[in-house]
Amino acid sequence: MDKTASAIPRRATIGIVAGSGPEAGIDLWAKILRRNAAVLGPSFRGDLDAPPVVVLSEPQLGLSMDLAANEGPVWEAMQSTACRIAAQSDAWAIACNTLNWFAPRIESLGLSSEFVSFPEVVADWIAATDIRRLGLLGAAPVTDLGAWSAYRDLAGLIEIETPADRALLQDLIYDVKRLGSADPGLRPRFARIVEAMQADTLLLACTELPLIADFPTSKTLVDVTDLVADALVARSLAGGDRAAMTPAQQENDA
C-alpha cells in the first residue's frame with residue numbers, strides 16, 4: 001500500500017472551540033474521528049485518513065452557564081476565539097450548545113472559515129425526520145426557550161417538551177463539569193430526569209449530557225454533538241479543493 005505523502009488526499013481542516021467545557025471538546029473530536037472512519041469504511045487507512053483538526057480551549061467561555069449575567073465577557077472571549085479558530089480551519093463548531101446563541105454575531109464577523117452552528121444542524125435533522133414531538137435537555141439558558149436560548153426557534157418547527165424542574169438538570173450539568181463524567185452519582189440522577197420526560201425522543205442539547213448518557217433507557221437519546229460531528233466530517237471530506245487554496249484565495253472564495 002502506498003503510504004507516501006503524495007498518496008494522502010487533501011482534506012479541509014476542522015476546527016473545534018472548547019472550554020465550556022474542555023471535556024466536551026475532547027468528546028466532539030472523538031466523535032469526528034469515529035464518524036470519519038465509519039464514512040470511509042473499508043478504505044480507511046488509520047492515521048493517514050484522519051481529518052486535520054485544530055482545537056482551541058478557552059476557559060473564559062465557561063461563564064456561559066449564566067449567559068445573561070456574563071454576556072459581555074463571554075462574547076469578548078468568543079469573538080477572539082472565533083477569529084483565531086477561523087484563521088486555522090476551513091469549517092468549525094463550538095463544542096457548547098449555549099454558546100451557539102452567538103451564532104448571528106459570529107456570522108456577522110465575516111470570517112473566511114465556515115461556522116457550523118448547532119441549531120442549524122438540528123433544524124436540518126428535524127427536516128429529515130418525521131418526528132413531531134421532541135424533548136429538549138440542556139442548560140437552563142437553552143431549555144427555557146427564551147431570549148437566551150440558541151434553540152428558541154425550534155418551537156416553530158416541532159412540539160417541544162422541556163423538563164418540569166430545569167434546576168435539577170442545571171445542577172447536574174454543573175456537577176458533570178465539577179466532578180467529571182466518571183463520577184458514579186451522575187448517571188442515576190440523569191436517568192431519573194430522562195424517564196420523567198413524556199417525549200419518546202430526547203435531544204441532548206448540552207455537551208456534558210452525552211458524557212453520562214450511557215445507561216439503559218426506553219427513550220431515544222439524540223446527541224447534538226453526533227449530528228455536528230457528521231456535518232463537520234462531511235465538510236472535511238468535500239473540502240479538498242478549498243484546503244488546497246492559499247488564505248487569500250479562501251477569502252475570495254468565501
# chains A, B, ... in the order shown; residues from 1 in each chain; ligands from 1

call {"tool": "select_by_dssp", "arguments": {"residues": "stretch 93-145 of chain A", "states": "alpha helix (DSSP H)", "output": "ChimeraX atom specification"}}
result
/A:103-108,118-127,140-143

call {"tool": "write_last_selection", "arguments": {"atoms": "N, CA and C atoms", "output": "compact mmCIF listing (two decimals), in the first residue's frame"}}
result
# COMPACT_ATOMS: atom_id res chain seq x y z
N ALA A 103 -24.46 32.67 17.43
CA ALA A 103 -24.32 32.36 16.01
C ALA A 103 -24.54 33.56 15.09
N PRO A 104 -25.61 34.37 15.28
CA PRO A 104 -25.78 35.53 14.38
C PRO A 104 -24.61 36.51 14.45
N ARG A 105 -24.08 36.74 15.65
CA ARG A 105 -22.94 37.66 15.78
C ARG A 105 -21.70 37.07 15.11
N ILE A 106 -21.50 35.78 15.28
CA ILE A 106 -20.35 35.14 14.65
C ILE A 106 -20.44 35.25 13.13
N GLU A 107 -21.63 34.99 12.60
CA GLU A 107 -21.82 35.10 11.15
C GLU A 107 -21.53 36.52 10.67
N SER A 108 -21.88 37.52 11.49
CA SER A 108 -21.69 38.91 11.08
C SER A 108 -20.21 39.32 11.06
N PHE A 118 -24.87 24.66 15.90
CA PHE A 118 -25.66 23.54 16.42
C PHE A 118 -27.14 23.67 16.03
N PRO A 119 -27.78 24.84 16.23
CA PRO A 119 -29.20 24.94 15.87
C PRO A 119 -29.47 24.67 14.39
N GLU A 120 -28.56 25.11 13.52
CA GLU A 120 -28.73 24.87 12.09
C GLU A 120 -28.68 23.37 11.79
N VAL A 121 -27.75 22.67 12.41
CA VAL A 121 -27.63 21.23 12.20
C VAL A 121 -28.86 20.50 12.74
N VAL A 122 -29.36 20.92 13.89
CA VAL A 122 -30.57 20.31 14.47
C VAL A 122 -31.78 20.56 13.57
N ALA A 123 -31.91 21.77 13.05
CA ALA A 123 -33.03 22.07 12.16
C ALA A 123 -32.99 21.20 10.91
N ASP A 124 -31.80 20.97 10.38
CA ASP A 124 -31.65 20.09 9.22
C ASP A 124 -32.06 18.66 9.57
N TRP A 125 -31.68 18.22 10.77
CA TRP A 125 -32.03 16.86 11.21
C TRP A 125 -33.54 16.72 11.38
N ILE A 126 -34.18 17.71 11.98
CA ILE A 126 -35.64 17.67 12.15
C ILE A 126 -36.32 17.59 10.79
N ALA A 127 -35.85 18.38 9.83
CA ALA A 127 -36.44 18.39 8.50
C ALA A 127 -36.32 17.03 7.81
N ALA A 140 -30.00 25.64 31.64
CA ALA A 140 -31.17 26.50 31.83
C ALA A 140 -31.35 27.54 30.72
N PRO A 141 -30.28 28.22 30.26
CA PRO A 141 -30.50 29.20 29.18
C PRO A 141 -31.04 28.57 27.90
N VAL A 142 -30.75 27.28 27.70
CA VAL A 142 -31.21 26.58 26.50
C VAL A 142 -32.66 26.13 26.65
N THR A 143 -32.96 25.47 27.78
CA THR A 143 -34.27 24.84 27.92
C THR A 143 -35.40 25.80 28.24

call {"tool": "closest_atom_pairs", "arguments": {"of": "stretch 91-184 of chain A", "to": "stretch 53-68 of chain A", "cutoff": "12 Å", "atoms": "only C-alpha atoms", "output": "CSV"}}
result
residue,atom,partner,partner_atom,distance
A:Ala91,CA,A:Val53,CA,9.9
A:Trp92,CA,A:Val54,CA,8.9
A:Ala93,CA,A:Val55,CA,10.0
A:Ile94,CA,A:Leu56,CA,9.6
A:Ala95,CA,A:Ser57,CA,9.6
A:Cys96,CA,A:Ser64,CA,9.1
A:Asn97,CA,A:Ser64,CA,9.9
A:Thr98,CA,A:Ser64,CA,6.7
A:Leu99,CA,A:Ser64,CA,6.6
A:Asn100,CA,A:Ser64,CA,10.3
A:Trp101,CA,A:Leu67,CA,9.4
A:Phe102,CA,A:Leu67,CA,10.5
A:Gly138,CA,A:Met65,CA,10.6
A:Ala139,CA,A:Met65,CA,7.1
A:Ala140,CA,A:Met65,CA,8.0
A:Pro141,CA,A:Leu67,CA,7.2
A:Val142,CA,A:Met65,CA,9.8
A:Gly146,CA,A:Ala68,CA,11.1
A:Ala147,CA,A:Ala68,CA,9.3
A:Trp148,CA,A:Ala68,CA,7.0
A:Ser149,CA,A:Leu67,CA,9.6
A:Ala150,CA,A:Leu67,CA,11.2
A:Gln170,CA,A:Met65,CA,8.8
A:Asp171,CA,A:Met65,CA,10.7
A:Ile173,CA,A:Met65,CA,9.3
A:Tyr174,CA,A:Met65,CA,8.4
A:Lys177,CA,A:Gly62,CA,9.6
A:Arg178,CA,A:Gly62,CA,11.6

call {"tool": "write_last_selection", "arguments": {"atoms": "N, CA, C and O atoms", "output": "mmCIF file, in the first residue's frame"}}
result
data_model
loop_
_atom_site.group_PDB
_atom_site.id
_atom_site.type_symbol
_atom_site.label_atom_id
_atom_site.label_comp_id
_atom_site.auth_asym_id
_atom_site.auth_seq_id
_atom_site.Cartn_x
_atom_site.Cartn_y
_atom_site.Cartn_z
ATOM 1 N N ALA A 91 -13.756 24.705 8.339
ATOM 2 C CA ALA A 91 -15.104 24.622 8.916
ATOM 3 C C ALA A 91 -14.940 24.328 10.397
ATOM 4 O O ALA A 91 -14.123 23.490 10.780
ATOM 5 N N TRP A 92 -15.725 25.016 11.234
ATOM 6 C CA TRP A 92 -15.522 24.856 12.671
ATOM 7 C C TRP A 92 -16.843 24.947 13.417
ATOM 8 O O TRP A 92 -17.846 25.433 12.895
ATOM 9 N N ALA A 93 -16.812 24.449 14.655
ATOM 10 C CA ALA A 93 -18.001 24.466 15.506
ATOM 11 C C ALA A 93 -17.578 24.727 16.945
ATOM 12 O O ALA A 93 -16.421 24.513 17.320
ATOM 13 N N ILE A 94 -18.537 25.175 17.738
ATOM 14 C CA ILE A 94 -18.316 25.389 19.169
ATOM 15 C C ILE A 94 -18.857 24.172 19.918
ATOM 16 O O ILE A 94 -20.036 23.827 19.762
ATOM 17 N N ALA A 95 -18.038 23.543 20.722
ATOM 18 C CA ALA A 95 -18.463 22.372 21.484
ATOM 19 C C ALA A 95 -19.239 22.812 22.722
ATOM 20 O O ALA A 95 -18.867 22.513 23.868
ATOM 21 N N CYS A 96 -20.327 23.524 22.480
ATOM 22 C CA CYS A 96 -21.195 24.005 23.557
ATOM 23 C C CYS A 96 -22.498 24.477 22.929
ATOM 24 O O CYS A 96 -22.483 25.326 22.028
ATOM 25 N N ASN A 97 -23.625 23.947 23.381
ATOM 26 C CA ASN A 97 -24.917 24.358 22.854
ATOM 27 C C ASN A 97 -25.248 25.793 23.235
ATOM 28 O O ASN A 97 -25.740 26.564 22.411
ATOM 29 N N THR A 98 -24.995 26.166 24.482
ATOM 30 C CA THR A 98 -25.344 27.501 24.961
ATOM 31 C C THR A 98 -24.643 28.593 24.160
ATOM 32 O O THR A 98 -25.255 29.597 23.773
ATOM 33 N N LEU A 99 -23.358 28.398 23.866
ATOM 34 C CA LEU A 99 -22.586 29.414 23.165
ATOM 35 C C LEU A 99 -23.039 29.619 21.728
ATOM 36 O O LEU A 99 -22.727 30.645 21.119
ATOM 37 N N ASN A 100 -23.795 28.680 21.187
ATOM 38 C CA ASN A 100 -24.311 28.865 19.833
ATOM 39 C C ASN A 100 -25.375 29.963 19.774
ATOM 40 O O ASN A 100 -25.833 30.317 18.681
ATOM 41 N N TRP A 101 -25.767 30.495 20.919
ATOM 42 C CA TRP A 101 -26.631 31.685 20.961
ATOM 43 C C TRP A 101 -25.970 32.844 20.210
ATOM 44 O O TRP A 101 -26.659 33.712 19.657
ATOM 45 N N PHE A 102 -24.645 32.847 20.156
ATOM 46 C CA PHE A 102 -23.905 33.912 19.486
ATOM 47 C C PHE A 102 -23.807 33.693 17.974
ATOM 48 O O PHE A 102 -23.113 34.468 17.295
ATOM 49 N N GLY A 138 -31.017 20.398 28.350
ATOM 50 C CA GLY A 138 -29.832 21.228 28.263
ATOM 51 C C GLY A 138 -29.740 22.151 29.462
ATOM 52 O O GLY A 138 -30.522 22.054 30.413
ATOM 53 N N ALA A 139 -28.784 23.051 29.401
ATOM 54 C CA ALA A 139 -28.615 24.033 30.478
ATOM 55 C C ALA A 139 -29.820 24.977 30.510
ATOM 56 O O ALA A 139 -30.563 25.100 29.528
ATOM 57 N N ALA A 140 -30.000 25.643 31.637
ATOM 58 C CA ALA A 140 -31.170 26.499 31.826
ATOM 59 C C ALA A 140 -31.355 27.543 30.722
ATOM 60 O O ALA A 140 -32.481 27.747 30.257
ATOM 61 N N PRO A 141 -30.283 28.222 30.258
ATOM 62 C CA PRO A 141 -30.498 29.198 29.183
ATOM 63 C C PRO A 141 -31.037 28.566 27.901
ATOM 64 O O PRO A 141 -31.699 29.236 27.108
ATOM 65 N N VAL A 142 -30.754 27.279 27.695
ATOM 66 C CA VAL A 142 -31.213 26.575 26.496
ATOM 67 C C VAL A 142 -32.657 26.127 26.650
ATOM 68 O O VAL A 142 -33.510 26.355 25.783
ATOM 69 N N GLY A 146 -36.192 30.915 25.876
ATOM 70 C CA GLY A 146 -36.402 32.359 25.872
ATOM 71 C C GLY A 146 -35.332 33.092 25.084
ATOM 72 O O GLY A 146 -34.684 32.531 24.192
ATOM 73 N N ALA A 147 -35.120 34.336 25.448
ATOM 74 C CA ALA A 147 -34.223 35.198 24.686
ATOM 75 C C ALA A 147 -32.784 34.713 24.681
ATOM 76 O O ALA A 147 -32.021 35.031 23.765
ATOM 77 N N TRP A 148 -32.385 33.910 25.688
ATOM 78 C CA TRP A 148 -31.009 33.455 25.799
ATOM 79 C C TRP A 148 -30.802 32.039 25.268
ATOM 80 O O TRP A 148 -29.725 31.478 25.420
ATOM 81 N N SER A 149 -31.806 31.484 24.658
ATOM 82 C CA SER A 149 -31.706 30.101 24.165
ATOM 83 C C SER A 149 -31.325 30.069 22.691
ATOM 84 O O SER A 149 -31.978 30.704 21.849
ATOM 85 N N ALA A 150 -30.292 29.295 22.362
ATOM 86 C CA ALA A 150 -29.910 29.104 20.964
ATOM 87 C C ALA A 150 -30.970 28.327 20.198
ATOM 88 O O ALA A 150 -30.980 28.335 18.966
ATOM 89 N N GLN A 170 -29.907 21.673 35.548
ATOM 90 C CA GLN A 170 -28.826 22.654 35.619
ATOM 91 C C GLN A 170 -27.795 22.237 36.668
ATOM 92 O O GLN A 170 -26.574 22.300 36.418
ATOM 93 N N ASP A 171 -28.247 21.794 37.829
ATOM 94 C CA ASP A 171 -27.329 21.345 38.879
ATOM 95 C C ASP A 171 -26.526 20.128 38.424
ATOM 96 O O ASP A 171 -25.332 20.007 38.729
ATOM 97 N N ILE A 173 -25.657 19.373 35.341
ATOM 98 C CA ILE A 173 -24.654 19.810 34.372
ATOM 99 C C ILE A 173 -23.461 20.454 35.079
ATOM 100 O O ILE A 173 -22.297 20.194 34.732
ATOM 101 N N TYR A 174 -23.731 21.287 36.077
ATOM 102 C CA TYR A 174 -22.644 21.867 36.855
ATOM 103 C C TYR A 174 -21.786 20.774 37.492
ATOM 104 O O TYR A 174 -20.553 20.860 37.530
ATOM 105 N N LYS A 177 -19.360 19.110 35.156
ATOM 106 C CA LYS A 177 -18.186 19.960 34.981
ATOM 107 C C LYS A 177 -17.272 19.888 36.204
ATOM 108 O O LYS A 177 -16.039 19.839 36.079
ATOM 109 N N ARG A 178 -17.884 19.876 37.388
ATOM 110 C CA ARG A 178 -17.111 19.957 38.631
ATOM 111 C C ARG A 178 -16.491 18.624 39.026
ATOM 112 O O ARG A 178 -15.326 18.552 39.438
#

call {"tool": "closest_residue", "arguments": {"among": "A:Ala69, A:Ala30, A:Ser113, A:Ile158", "to": "A:Asp130", "atoms": "only C-alpha atoms"}}
result
A:Ile158

call {"tool": "closest_atom_pairs", "arguments": {"of": "stretch 104-157 of chain A", "to": "stretch 200-212 of chain A", "cutoff": "6 Å", "atoms": "only C-alpha atoms", "output": "JSON lines"}}
result
{"residue": "A:Leu134", "atom": "CA", "partner": "A:Thr201", "partner_atom": "CA", "distance": 5.5}
{"residue": "A:Gly135", "atom": "CA", "partner": "A:Leu202", "partner_atom": "CA", "distance": 4.3}
{"residue": "A:Leu136", "atom": "CA", "partner": "A:Leu203", "partner_atom": "CA", "distance": 5.1}
{"residue": "A:Leu137", "atom": "CA", "partner": "A:Leu204", "partner_atom": "CA", "distance": 5.2}
{"residue": "A:Gly138", "atom": "CA", "partner": "A:Cys206", "partner_atom": "CA", "distance": 4.7}

call {"tool": "write_last_selection", "arguments": {"atoms": "all heavy atoms", "output": "short mmCIF file (atom, residue, chain, number, x, y, z; two decimals), in the first residue's frame"}}
result
data_model
loop_
_atom_site.label_atom_id
_atom_site.label_comp_id
_atom_site.auth_asym_id
_atom_site.auth_seq_id
_atom_site.Cartn_x
_atom_site.Cartn_y
_atom_site.Cartn_z
N LEU A 134 -40.50 16.47 20.54
CA LEU A 134 -39.11 16.31 20.93
C LEU A 134 -38.90 16.85 22.33
O LEU A 134 -39.37 17.95 22.66
CB LEU A 134 -38.22 17.07 19.93
CG LEU A 134 -36.71 16.89 19.98
CD1 LEU A 134 -36.34 15.44 19.65
CD2 LEU A 134 -36.06 17.84 18.99
N GLY A 135 -38.22 16.09 23.16
CA GLY A 135 -37.82 16.57 24.47
C GLY A 135 -36.48 17.27 24.38
O GLY A 135 -35.57 16.78 23.72
N LEU A 136 -36.35 18.44 25.00
CA LEU A 136 -35.12 19.23 24.95
C LEU A 136 -34.46 19.22 26.32
O LEU A 136 -35.03 19.70 27.29
CB LEU A 136 -35.44 20.66 24.52
CG LEU A 136 -34.26 21.60 24.35
CD1 LEU A 136 -33.38 21.17 23.19
CD2 LEU A 136 -34.75 23.04 24.14
N LEU A 137 -33.26 18.67 26.39
CA LEU A 137 -32.50 18.62 27.63
C LEU A 137 -31.22 19.42 27.47
O LEU A 137 -30.42 19.16 26.56
CB LEU A 137 -32.15 17.17 27.99
CG LEU A 137 -33.33 16.23 28.24
CD1 LEU A 137 -32.85 14.81 28.52
CD2 LEU A 137 -34.18 16.74 29.40
N GLY A 138 -31.02 20.40 28.35
CA GLY A 138 -29.83 21.23 28.26
C GLY A 138 -29.74 22.15 29.46
O GLY A 138 -30.52 22.05 30.41
#

call {"tool": "atom_distance", "arguments": {"atom1": "atom CA of A:Trp29", "atom2": "atom CA of A:Leu179"}}
result
21.2 Å
